[in-house]
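Asker: Have a look at this one.
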Amino acid sequence: MRRSNGVTRWQRTVWTPVAILPKAEPANWRVLRQDGDTVEYHAATLPLTLWRKECEAYRVALTDPNPGVYVVLREDDRDPDFPYQVHLVTASPHEAALFNESGDEIVEKVPMPEGVIAWVAGWIKDHYVEETFVKRKRRRHFGEPDQDGLGDPRISQTTDVYRAPTGQRHVDKEAGNGL
């Protein structure tokens, strides 16, 4: 995570995830680099877990011109010096989009290191199973009446509902105009 000075009076500091560190030791906001007021921290060490159900999403992530890993941050008011907690790291853009929808978390994409790209690609090769598309047929709803061309049986109809109108005009006797 990088902490830098904000450019407006409403946001004094800006926190931005900038990278992931593969095979990093456990850390809790350890300073990695400092340049003036800009400080980079090793905020947390979390596992990058891949799931078989998300295999298609990982393929989508790797086909991106700039493959990335998504970091999900949650606000944390326990320590005023570090207002965010790293909640999750995922390679699935679909999972990241779900966290982004709520508005409670901050989701940022950071570059995926070459070693992680190779690891995810190998995992996809071992676990991806192409699913054939099967168009579903519409099933009748329980208790749905048969459609026999007469419309809803609860409404009285004198003719077939699919028949063209006869062209007869009805006259509203009270108003004196044709409808």
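If you're wondering about the labels, chains in the structure tokens are A, B, ... by order shown, residues count from 1 in each chain, ligands from 1 in order shown.
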Applying 8 Å and only C-alpha atoms, which residues near Lys109 (chain A) remain after dropping the ones on its own chain fewer than 6 positions away? List them as a PyMOL selection string.
Answerer: chain A and resi 17+68-71
Asker: Just the selected residues (all heavy atoms), exported as a tab-separated table (two decimals), in the first residue's frame, please.
Answerer:
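Saved file result_22.tsv follows:
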```tsv
chain	number	residue	atom	x	y	z
A	17	PRO	N	-3.36	0.63	-3.21
A	17	PRO	CA	-2.62	-0.61	-3.39
A	17	PRO	C	-1.78	-0.50	-4.66
A	17	PRO	O	-2.28	-0.05	-5.69
A	17	PRO	CB	-3.70	-1.68	-3.54
A	17	PRO	CG	-4.96	-1.05	-3.11
A	17	PRO	CD	-4.80	0.42	-3.29
A	68	GLY	N	-4.13	-8.61	-14.06
A	68	GLY	CA	-4.00	-8.03	-12.73
A	68	GLY	C	-4.61	-8.88	-11.64
A	68	GLY	O	-5.35	-9.84	-11.90
A	69	VAL	N	-4.27	-8.53	-10.44
A	69	VAL	CA	-4.83	-9.12	-9.23
A	69	VAL	C	-5.61	-8.01	-8.56
A	69	VAL	O	-5.21	-6.84	-8.59
A	69	VAL	CB	-3.70	-9.63	-8.30
A	69	VAL	CG1	-4.25	-10.12	-6.99
A	69	VAL	CG2	-2.91	-10.73	-8.99
A	70	TYR	N	-6.73	-8.35	-7.97
A	70	TYR	CA	-7.61	-7.35	-7.36
A	70	TYR	C	-7.44	-7.38	-5.85
A	70	TYR	O	-7.50	-8.45	-5.24
A	70	TYR	CB	-9.05	-7.61	-7.76
A	70	TYR	CG	-9.22	-7.53	-9.26
A	70	TYR	CD1	-9.02	-8.64	-10.07
A	70	TYR	CD2	-9.53	-6.33	-9.87
A	70	TYR	CE1	-9.15	-8.56	-11.44
A	70	TYR	CE2	-9.65	-6.24	-11.25
A	70	TYR	CZ	-9.46	-7.36	-12.02
A	70	TYR	OH	-9.58	-7.27	-13.38
A	71	VAL	N	-7.24	-6.21	-5.27
A	71	VAL	CA	-7.09	-6.07	-3.83
A	71	VAL	C	-8.36	-5.42	-3.30
A	71	VAL	O	-8.77	-4.36	-3.78
A	71	VAL	CB	-5.85	-5.20	-3.49
A	71	VAL	CG1	-5.72	-5.03	-1.99
A	71	VAL	CG2	-4.60	-5.81	-4.09
```
Asker: Just want the 9 Å neighbourhood of Val31 (chain A), counted on only C-alpha atoms, with same-chain residues fewer than 2 positions away dropped. Output as a compact mmCIF listing (two decimals) with C-alpha atoms, in the first residue's frame.
Answerer:
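Final output, part00.txt:
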```
# COMPACT_ATOMS: atom_id res chain seq x y z
CA TRP A 29 2.04 -2.44 7.99
CA ARG A 33 10.15 2.41 1.22
CA GLN A 34 9.89 6.08 2.08
CA VAL A 39 5.46 5.83 2.22
CA GLU A 40 5.01 2.29 0.87
CA TYR A 41 3.94 -0.41 3.31
CA HIS A 42 3.69 -4.16 3.31
CA ALA A 43 0.15 -4.05 4.69
```
Asker: If we count only C-alpha atoms, what is near region 81-96 of chain A at a cut-off of 7 Å, once residues fewer than 2 positions away on the same chain are taken out, given as a count of residues only?
Answerer: 22
Asker: Can you tell me how far CA of Met1 (chain A) sits from CA of Trp15 (chain A), in Å to one decimal?
Answerer: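 A separation of 6.6 Å between them.
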Asker: Suppose you want the space between CA of Gly103 (chain A) and CA of Arg78 (chain A); what is it in Å?
Answerer: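 One can read the CA of Gly103 (chain A) to CA of Arg78 (chain A) distance as 20.3 Å.
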Asker: Using only C-alpha atoms, find the one residue out of A:Arg139, A:Val120, A:Ala27, A:Thr16 that sits nearest to Thr63 (chain A).
Answerer: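 The answer is A:Val120, which sits nearest to Thr63 (chain A).
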